[in-house]
>>> print(open('upload_9.cif').read())   # mmCIF, N, CA and C atoms
data_entry
loop_
_atom_site.label_atom_id
_atom_site.label_comp_id
_atom_site.auth_asym_id
_atom_site.auth_seq_id
_atom_site.Cartn_x
_atom_site.Cartn_y
_atom_site.Cartn_z
N MET A 6 5.30 19.19 -1.29
CA MET A 6 5.47 17.76 -1.50
C MET A 6 5.87 17.53 -2.96
N ASP A 7 6.92 16.76 -3.16
CA ASP A 7 7.37 16.50 -4.52
C ASP A 7 6.54 15.40 -5.17
N ALA A 8 6.73 15.23 -6.45
CA ALA A 8 5.93 14.27 -7.22
C ALA A 8 6.17 12.83 -6.75
N PHE A 9 7.42 12.51 -6.39
CA PHE A 9 7.72 11.16 -5.91
C PHE A 9 6.92 10.85 -4.65
N THR A 10 6.95 11.76 -3.70
CA THR A 10 6.25 11.55 -2.43
C THR A 10 4.75 11.46 -2.65
N ALA A 11 4.22 12.37 -3.44
CA ALA A 11 2.78 12.37 -3.71
C ALA A 11 2.36 11.07 -4.40
N GLY A 12 3.14 10.64 -5.37
CA GLY A 12 2.82 9.41 -6.09
C GLY A 12 2.89 8.19 -5.19
N LEU A 13 3.90 8.14 -4.33
CA LEU A 13 4.06 7.02 -3.42
C LEU A 13 2.91 6.96 -2.42
N LEU A 14 2.55 8.11 -1.86
CA LEU A 14 1.43 8.14 -0.92
C LEU A 14 0.12 7.75 -1.58
N GLN A 15 -0.06 8.15 -2.83
CA GLN A 15 -1.28 7.78 -3.56
C GLN A 15 -1.31 6.27 -3.81
N ARG A 16 -0.17 5.71 -4.18
CA ARG A 16 -0.10 4.25 -4.41
C ARG A 16 -0.38 3.48 -3.12
N ILE A 17 0.12 3.98 -1.99
CA ILE A 17 -0.15 3.33 -0.71
C ILE A 17 -1.65 3.38 -0.41
N GLN A 18 -2.25 4.54 -0.60
CA GLN A 18 -3.68 4.68 -0.35
C GLN A 18 -4.50 3.75 -1.25
N ASN A 19 -4.16 3.69 -2.52
CA ASN A 19 -4.87 2.82 -3.46
C ASN A 19 -4.71 1.35 -3.07
N THR A 20 -3.50 0.97 -2.68
CA THR A 20 -3.25 -0.41 -2.31
C THR A 20 -3.99 -0.78 -1.03
N GLU A 21 -4.06 0.14 -0.07
CA GLU A 21 -4.84 -0.12 1.14
C GLU A 21 -6.31 -0.35 0.79
N SER A 22 -6.83 0.44 -0.13
CA SER A 22 -8.23 0.27 -0.55
C SER A 22 -8.42 -1.07 -1.25
N ASP A 23 -7.49 -1.40 -2.13
CA ASP A 23 -7.57 -2.69 -2.84
C ASP A 23 -7.48 -3.86 -1.86
N LEU A 24 -6.64 -3.73 -0.85
CA LEU A 24 -6.50 -4.78 0.15
C LEU A 24 -7.80 -4.95 0.93
N SER A 25 -8.42 -3.86 1.29
CA SER A 25 -9.70 -3.93 2.02
C SER A 25 -10.77 -4.63 1.18
N ARG A 26 -10.82 -4.27 -0.11
CA ARG A 26 -11.81 -4.91 -0.99
C ARG A 26 -11.52 -6.40 -1.15
N ALA A 27 -10.26 -6.77 -1.23
CA ALA A 27 -9.90 -8.18 -1.36
C ALA A 27 -10.31 -8.95 -0.11
N ARG A 28 -10.10 -8.35 1.05
CA ARG A 28 -10.51 -8.99 2.30
C ARG A 28 -12.02 -9.16 2.35
N GLU A 29 -12.74 -8.11 1.97
CA GLU A 29 -14.20 -8.15 1.99
C GLU A 29 -14.75 -9.21 1.05
N SER A 30 -14.07 -9.42 -0.08
CA SER A 30 -14.55 -10.40 -1.05
C SER A 30 -14.11 -11.82 -0.71
N GLY A 31 -13.20 -11.96 0.26
CA GLY A 31 -12.75 -13.28 0.66
C GLY A 31 -11.73 -13.90 -0.28
N ASP A 32 -11.08 -13.09 -1.12
CA ASP A 32 -10.10 -13.58 -2.08
C ASP A 32 -8.72 -13.63 -1.41
N ASP A 33 -8.40 -14.80 -0.84
CA ASP A 33 -7.16 -14.94 -0.08
C ASP A 33 -5.91 -14.70 -0.92
N PHE A 34 -5.92 -15.13 -2.16
CA PHE A 34 -4.76 -14.91 -3.03
C PHE A 34 -4.54 -13.41 -3.25
N LEU A 35 -5.61 -12.71 -3.58
CA LEU A 35 -5.49 -11.27 -3.81
C LEU A 35 -5.09 -10.53 -2.54
N VAL A 36 -5.57 -10.99 -1.39
CA VAL A 36 -5.15 -10.40 -0.12
C VAL A 36 -3.64 -10.51 0.02
N ASP A 37 -3.10 -11.69 -0.27
CA ASP A 37 -1.64 -11.89 -0.18
C ASP A 37 -0.89 -10.96 -1.14
N VAL A 38 -1.39 -10.84 -2.36
CA VAL A 38 -0.75 -9.99 -3.36
C VAL A 38 -0.76 -8.53 -2.90
N GLU A 39 -1.91 -8.05 -2.47
CA GLU A 39 -2.04 -6.65 -2.06
C GLU A 39 -1.24 -6.38 -0.79
N GLN A 40 -1.21 -7.34 0.14
CA GLN A 40 -0.44 -7.16 1.36
C GLN A 40 1.05 -7.05 1.04
N SER A 41 1.53 -7.88 0.13
CA SER A 41 2.94 -7.82 -0.28
C SER A 41 3.25 -6.48 -0.95
N GLU A 42 2.36 -6.03 -1.79
CA GLU A 42 2.54 -4.73 -2.46
C GLU A 42 2.61 -3.61 -1.42
N LEU A 43 1.72 -3.65 -0.45
CA LEU A 43 1.69 -2.63 0.58
C LEU A 43 2.97 -2.64 1.40
N GLU A 44 3.46 -3.82 1.75
CA GLU A 44 4.72 -3.92 2.49
C GLU A 44 5.87 -3.33 1.68
N ASP A 45 5.91 -3.62 0.38
CA ASP A 45 6.96 -3.06 -0.47
C ASP A 45 6.88 -1.54 -0.52
N LEU A 46 5.68 -1.01 -0.68
CA LEU A 46 5.52 0.45 -0.74
C LEU A 46 5.91 1.12 0.57
N ARG A 47 5.55 0.50 1.69
CA ARG A 47 5.92 1.04 2.99
C ARG A 47 7.44 1.00 3.19
N ARG A 48 8.09 -0.06 2.70
CA ARG A 48 9.54 -0.17 2.79
C ARG A 48 10.20 0.94 1.98
N ILE A 49 9.69 1.16 0.77
CA ILE A 49 10.22 2.22 -0.09
C ILE A 49 10.05 3.57 0.59
N ALA A 50 8.88 3.80 1.17
CA ALA A 50 8.63 5.07 1.87
C ALA A 50 9.64 5.26 2.99
N ALA A 51 9.87 4.22 3.78
CA ALA A 51 10.81 4.31 4.90
C ALA A 51 12.23 4.58 4.40
N GLU A 52 12.61 3.91 3.33
CA GLU A 52 13.96 4.10 2.78
C GLU A 52 14.20 5.53 2.29
N HIS A 53 13.12 6.20 1.90
CA HIS A 53 13.24 7.55 1.36
C HIS A 53 12.76 8.63 2.34
N GLY A 54 12.52 8.23 3.57
CA GLY A 54 12.12 9.19 4.59
C GLY A 54 10.74 9.78 4.39
N VAL A 55 9.88 9.05 3.69
CA VAL A 55 8.51 9.52 3.46
C VAL A 55 7.65 9.02 4.61
N GLU A 56 7.07 9.96 5.35
CA GLU A 56 6.19 9.60 6.45
C GLU A 56 4.81 9.29 5.90
N ILE A 57 4.29 8.16 6.33
CA ILE A 57 2.93 7.80 5.91
C ILE A 57 2.01 7.95 7.11
N GLY A 58 0.80 8.38 6.82
CA GLY A 58 -0.18 8.58 7.88
C GLY A 58 -0.67 7.26 8.44
N ALA A 59 -1.60 7.36 9.34
CA ALA A 59 -2.19 6.19 9.96
C ALA A 59 -2.85 5.32 8.89
N SER A 60 -2.56 4.06 8.95
CA SER A 60 -3.11 3.12 7.97
C SER A 60 -4.53 2.76 8.34
N THR A 61 -5.34 2.56 7.33
CA THR A 61 -6.71 2.10 7.56
C THR A 61 -6.79 0.59 7.52
N VAL A 62 -5.70 -0.05 7.15
CA VAL A 62 -5.68 -1.51 7.01
C VAL A 62 -4.80 -2.09 8.08
#
>>> encode(input="upload_9.cif", output="structure tokens")
Amino acid sequence: MDAFTAGLLQRIQNTESDLSRARESGDDFLVDVEQSELEDLRRIAAEHGVEIGASTV
């Protein structure tokens, strides 16, 4: 796995965790921010042929 792929997968994992925490805390604005970030990261992964595992979010 190259550095780009590893970094992207790590960012996706971190963002999923951040999104879960935002949901748990009831912060609707932060949920929107994290959800948008996650969508962008998933789009980038798809554009570069990076397969992402099953999402926890």
>>> atom_distance(input="upload_9.cif", atom1="CA of His53 in chain A", atom2="atom C of Leu35 in chain A")
26.0 Å
>>> select_by_dssp(input="upload_9.cif", residues="chain A", states="alpha helix (DSSP H)", output="PyMOL selection string")
chain A and resi 8-30+33-52
>>> axis_aligned_box(input="upload_9.cif", around="range 25-44 of chain A", padding_each_side="5 Å", output="lines of an AutoDock Vina configuration file")
center_x = -4.4
center_y = -8.9
center_z = -0.7
size_x = 30.6
size_y = 22.5
size_z = 16.3
>>> closest_residue(input="upload_9.cif", among="A:Ala50, A:Gln15, A:Gly58, A:Gln40", to="Ala27 in chain A", atoms="only C-alpha atoms")
A:Gln40
>>> atom_distance(input="upload_9.cif", atom1="CA of Ile49 in chain A", atom2="CA of Met6 in chain A")
16.3 Å
